[in-house]
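K.L.:
Structure in C-alpha cells, see below.
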Amino acid sequence: MLAIMPLNNWLCIHPSSATTDISDTVSLDNRGLAYGDGFFTTMGVIDGQILWLAHHQQRLVSHAEALQLELDSHSVMALLQTHAEQLQQGMLKLMVTRAVQDVRGYGYVPTTSGSACEIWLKSSAMTVTTTEQLRLPDGCSIPMQPISSAICLSSQLACLPPPLAGLKSLNCLDNVLASGELQGIKAQVSEDNIKPSIGEGLLRDMSGRWLKVR
C-alpha cells in the first residue's frame with residue numbers, strides 16, 4: 001500500500017528505493033540543481049483526478065525524449081493518479097532530473113535507452129473558490145479561472161532553438177525575472193488599492209510574440 005504523502009514536501013518516487021524528503025537526500029551534485037538538467041510539469045487535481053491526464057503524459061514522453069532520459073511514462077502516471085486520489089483537490093508538481101554522471105562537468109554518457117533519472121513529486125492541497133464550471137467533451141467539469149486584468153511587462157523571454165523550444169525545463173531564469181516584475185506591480189497596485197486587481201502579466205519573446213506569466 002502507498003504511504004500517505006506529506007503535503008508540501010518533496011518526495012523521491014524514482015528510484016523506488018529513495019522515499020525520503022528531498023531536504024535530507026538531495027546532493028549538490030544533482031544535475032537539476034547544478035545545470036538545470038531536467039524538466040517539470042504541474043498538474044491540477046479535482047475530485048481525485050488529474051486534469052488533462054493525457055496531455056501531461058505526452059509531456060513526460062516528449063520531454064524525456066528531447067533530453068534523452070529513460071522514463072516509463074505509464075508507470076509514473078499510474079503512481080501520480082494514486083497520489084491524486086489521496087490528495088483529492090490541489091496540485092501535483094513533478095520534477096525530473098538526470099541522474100549523476102560518471103563524467104566530469106556538463107557532459108553525460110548517451111545510451112540507446114536514455115540516461116537514468118531521478119523523479120521528485122510535491123503534493124499541495126488547494127481550495128478552488130470559483131463556482132463556474134467548464135464542461136469538457138468527455139463529460140467532466142472543471143472550475144473556470146476567474147476573470148482578471150493583465151498588464152504588459154518590460155521583461156522578455158528568450159527564444160530557444162529545437163529541441164529545447166517548448167520544454168518546461170529547469171532553466172527558467174527569464175520567467176523568474178518576469179514573475180518578479182509582475183509581483184512588484186501587484187504589490188504596488190494592492191498598496192494603492194487600485195481596482196480591478198492584476199492577475200497576469202503579458203511579455204514578449206525575442207521574436208515579438210506576446211506570452212503571459214503569473
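Every chain in the C-alpha cells takes a letter, A first, then B, and so on in the order presented; its residues are numbered from 1, and the ligands are numbered from 1 following the presented order.
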Using only C-alpha atoms, I'd like a table of the residues in stretch 22-88 of chain A that come within 9 Å of stretch 161-181 of chain A; for each, show the closest atom pair and its distance in Å rounded to one decimal, ordered by chain and ascending number, as a tab-separated table.

P.N.:
residue	atom	partner	partner_atom	distance
A:Gly32	CA	A:Leu170	CA	6.8
A:Leu33	CA	A:Leu170	CA	8.5
A:Tyr35	CA	A:Asn171	CA	8.1
A:Gly36	CA	A:Leu170	CA	4.7
A:Asp37	CA	A:Leu170	CA	6.7
A:Gly38	CA	A:Leu170	CA	5.7
A:Phe39	CA	A:Ser169	CA	4.0
A:Phe40	CA	A:Lys168	CA	5.8
A:Thr41	CA	A:Lys168	CA	6.9
A:Arg59	CA	A:Leu167	CA	8.6
A:Ser62	CA	A:Leu167	CA	8.7
A:His63	CA	A:Leu167	CA	6.5
A:Ala66	CA	A:Pro163	CA	6.0
A:Leu67	CA	A:Pro163	CA	8.3

K.L.:
Give me, as an MDAnalysis selection string, the residues of stretch 44-181 of chain A that a backbone DSSP run labels strand (DSSP E).

P.N.:
chainID A and resid 44:46 49:50 90:98 117:125 133:135 141:143 149:157

K.L.:
Kindly export the residues of the current selection with C-alpha atoms, as a compact mmCIF listing (two decimals), in the first residue's frame.

P.N.:
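Result file follows (out-v2.txt):
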# COMPACT_ATOMS: atom_id res chain seq x y z
CA GLY A 44 -4.25 20.20 -11.21
CA VAL A 45 -6.29 17.64 -9.23
CA ILE A 46 -10.08 17.78 -8.82
CA GLN A 49 -8.48 13.00 -10.78
CA ILE A 50 -5.57 14.62 -12.65
CA GLY A 90 -4.93 20.57 -5.21
CA MET A 91 -1.74 20.49 -7.26
CA LEU A 92 0.90 17.86 -8.02
CA LYS A 93 4.29 19.10 -9.20
CA LEU A 94 6.64 16.59 -10.82
CA MET A 95 10.34 17.31 -11.33
CA VAL A 96 12.61 15.03 -13.38
CA THR A 97 16.41 15.37 -13.34
CA ARG A 98 19.20 13.40 -15.00
CA CYS A 117 16.78 9.90 -13.97
CA GLU A 118 15.52 10.94 -10.56
CA ILE A 119 11.83 11.84 -10.23
CA TRP A 120 10.54 14.06 -7.43
CA LEU A 121 6.94 14.83 -6.51
CA LYS A 122 5.33 17.56 -4.40
CA SER A 123 1.68 17.48 -3.35
CA SER A 124 -0.14 20.69 -2.35
CA ALA A 125 -3.75 20.98 -1.22
CA GLN A 133 -17.63 25.20 -14.27
CA LEU A 134 -16.39 24.41 -17.77
CA ARG A 135 -17.91 21.30 -19.34
CA SER A 141 -16.37 19.58 -15.46
CA ILE A 142 -13.50 21.74 -14.20
CA PRO A 143 -13.55 25.08 -12.34
CA SER A 149 -6.77 42.05 -15.60
CA ALA A 150 -3.35 41.75 -17.26
CA ILE A 151 -0.50 44.23 -17.64
CA CYS A 152 2.31 44.48 -20.20
CA LEU A 153 5.77 43.85 -18.73
CA SER A 154 9.17 45.09 -19.86
CA SER A 155 10.73 41.63 -19.40
CA GLN A 156 11.38 39.37 -22.38
CA LEU A 157 11.57 35.60 -22.79

K.L.:
Where in stretch 78-209 of chain A does DSSP assign alpha helix (DSSP H), given as a list in words?

P.N.:
Ala78, Leu79, Leu80, Gln81, Thr82, His83, Ala84, Glu85, Gln86, Leu87, Leu173, Asp174, Asn175, Val176, Leu177, Ala178, Ser179, Gly180, Glu181, Leu182, Gln183, Gly184, Ile185, Lys186, Ala187, Gln188, Val189, Ser190 and Glu191 of chain A

K.L.:
Taking 6 positions as the minimum chain separation for residues in the same chain, which residues sit within 12 Å of stretch 193-198 of chain A when counting only C-alpha atoms? Answer as a VMD selection string.

P.N.:
chain A and resid 146 to 152 182 to 187 213 to 214

K.L.:
Keeping N, CA and C atoms for every residue in the selection just given, could you write it to a file as a PDB file, in the first residue's frame?

P.N.:
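Printed below is part-v1.pdb as written:
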ATOM      1  N   PRO A 146     -11.215  32.660 -12.559  1.00  0.00           N
ATOM      2  CA  PRO A 146     -11.919  33.953 -12.507  1.00  0.00           C
ATOM      3  C   PRO A 146     -11.289  34.963 -13.463  1.00  0.00           C
ATOM      4  N   ILE A 147     -12.113  35.855 -13.997  1.00  0.00           N
ATOM      5  CA  ILE A 147     -11.619  36.893 -14.906  1.00  0.00           C
ATOM      6  C   ILE A 147     -10.759  37.885 -14.139  1.00  0.00           C
ATOM      7  N   SER A 148      -9.595  38.214 -14.687  1.00  0.00           N
ATOM      8  CA  SER A 148      -8.706  39.182 -14.034  1.00  0.00           C
ATOM      9  C   SER A 148      -8.039  40.036 -15.100  1.00  0.00           C
ATOM     10  N   SER A 149      -7.445  41.143 -14.675  1.00  0.00           N
ATOM     11  CA  SER A 149      -6.768  42.052 -15.597  1.00  0.00           C
ATOM     12  C   SER A 149      -5.328  41.608 -15.824  1.00  0.00           C
ATOM     13  N   ALA A 150      -4.747  42.035 -16.946  1.00  0.00           N
ATOM     14  CA  ALA A 150      -3.349  41.748 -17.261  1.00  0.00           C
ATOM     15  C   ALA A 150      -2.632  43.055 -17.546  1.00  0.00           C
ATOM     16  N   ILE A 151      -1.309  43.044 -17.387  1.00  0.00           N
ATOM     17  CA  ILE A 151      -0.503  44.229 -17.640  1.00  0.00           C
ATOM     18  C   ILE A 151       0.699  43.848 -18.486  1.00  0.00           C
ATOM     19  N   CYS A 152       1.136  44.734 -19.357  1.00  0.00           N
ATOM     20  CA  CYS A 152       2.309  44.484 -20.202  1.00  0.00           C
ATOM     21  C   CYS A 152       3.583  44.722 -19.388  1.00  0.00           C
ATOM     22  N   LEU A 182       6.253  41.193 -12.217  1.00  0.00           N
ATOM     23  CA  LEU A 182       4.802  41.168 -12.051  1.00  0.00           C
ATOM     24  C   LEU A 182       4.409  41.265 -10.580  1.00  0.00           C
ATOM     25  N   GLN A 183       5.107  40.527  -9.696  1.00  0.00           N
ATOM     26  CA  GLN A 183       4.770  40.559  -8.273  1.00  0.00           C
ATOM     27  C   GLN A 183       4.990  41.952  -7.680  1.00  0.00           C
ATOM     28  N   GLY A 184       6.031  42.651  -8.157  1.00  0.00           N
ATOM     29  CA  GLY A 184       6.266  44.015  -7.706  1.00  0.00           C
ATOM     30  C   GLY A 184       5.128  44.945  -8.093  1.00  0.00           C
ATOM     31  N   ILE A 185       4.614  44.774  -9.320  1.00  0.00           N
ATOM     32  CA  ILE A 185       3.490  45.598  -9.779  1.00  0.00           C
ATOM     33  C   ILE A 185       2.230  45.265  -8.983  1.00  0.00           C
ATOM     34  N   LYS A 186       1.986  43.966  -8.733  1.00  0.00           N
ATOM     35  CA  LYS A 186       0.816  43.559  -7.946  1.00  0.00           C
ATOM     36  C   LYS A 186       0.847  44.178  -6.555  1.00  0.00           C
ATOM     37  N   ALA A 187       2.038  44.166  -5.933  1.00  0.00           N
ATOM     38  CA  ALA A 187       2.168  44.719  -4.590  1.00  0.00           C
ATOM     39  C   ALA A 187       1.849  46.215  -4.584  1.00  0.00           C
ATOM     40  N   VAL A 213       2.532  35.512 -18.080  1.00  0.00           N
ATOM     41  CA  VAL A 213       3.192  34.984 -16.899  1.00  0.00           C
ATOM     42  C   VAL A 213       2.352  35.366 -15.700  1.00  0.00           C
ATOM     43  N   ARG A 214       2.343  34.495 -14.655  1.00  0.00           N
ATOM     44  CA  ARG A 214       1.539  34.763 -13.455  1.00  0.00           C
ATOM     45  C   ARG A 214       2.466  35.050 -12.288  1.00  0.00           C
TER      46      ARG A 214
END

K.L.:
Leaving out A:Ala78 and any residue of its chain fewer than 2 positions from it, which residues lie within 12 Å of it when counting only C-alpha atoms, given as a PyMOL selection string?

P.N.:
chain A and resi 2+13+49-50+53-54+57+72-76+80-85

K.L.:
Taking C-alpha atoms for each residue, export the selection above as an mmCIF file, in the first residue's frame.

P.N.:
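Ended up saving to out_25.cif:
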data_model
loop_
_atom_site.group_PDB
_atom_site.id
_atom_site.type_symbol
_atom_site.label_atom_id
_atom_site.label_comp_id
_atom_site.auth_asym_id
_atom_site.auth_seq_id
_atom_site.Cartn_x
_atom_site.Cartn_y
_atom_site.Cartn_z
ATOM 1 C CA LEU A 2 1.228 3.502 -0.851
ATOM 2 C CA ILE A 13 9.331 8.483 -6.322
ATOM 3 C CA GLN A 49 -8.479 13.000 -10.784
ATOM 4 C CA ILE A 50 -5.575 14.618 -12.654
ATOM 5 C CA LEU A 53 -4.102 13.468 -17.896
ATOM 6 C CA ALA A 54 -3.234 12.527 -21.493
ATOM 7 C CA GLN A 57 1.635 12.005 -20.073
ATOM 8 C CA ASP A 72 8.404 4.896 -18.114
ATOM 9 C CA SER A 73 5.517 7.322 -18.525
ATOM 10 C CA HIS A 74 2.805 4.703 -17.867
ATOM 11 C CA SER A 75 4.272 3.681 -14.504
ATOM 12 C CA VAL A 76 4.811 7.317 -13.498
ATOM 13 C CA LEU A 80 0.633 10.050 -9.870
ATOM 14 C CA GLN A 81 -3.003 9.011 -10.113
ATOM 15 C CA THR A 82 -2.696 7.163 -6.795
ATOM 16 C CA HIS A 83 -1.300 10.309 -5.165
ATOM 17 C CA ALA A 84 -4.097 12.348 -6.786
ATOM 18 C CA GLU A 85 -6.708 10.091 -5.181
#

K.L.:
Smallest atom-to-atom distance to A:Glu65: which of A:Ser207, A:Ser190, A:Asn9, A:Ser113, using only C-alpha atoms?

P.N.:
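Distance minimum relative to A:Glu65 lands on A:Ser113.
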
K.L.:
Kindly give the distance, in Å, that separates atom CA of A:Gln88 and atom CA of A:Trp52, rounded to a single decimal.

P.N.:
15.3 Å

K.L.:
Given the choices A:Gln68, A:Thr127, A:Thr111, A:Thr42, which gets closest to A:His55 if the distance is worked out from only C-alpha atoms?

P.N.:
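When distances to A:His55 are compared using only C-alpha atoms, the smallest one comes from A:Thr42.
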
K.L.:
Rounded to one decimal place, report the atom CA of A:Arg209-atom CA of A:Ala158 distance in Å.

P.N.:
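Here the two named atoms are 11.0 Å from each other.
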
K.L.:
For a test of reading the model, state the distance in Å between atom CA of A:His14 and atom CA of A:Val26, rounded to one decimal.

P.N.:
13.1 Å
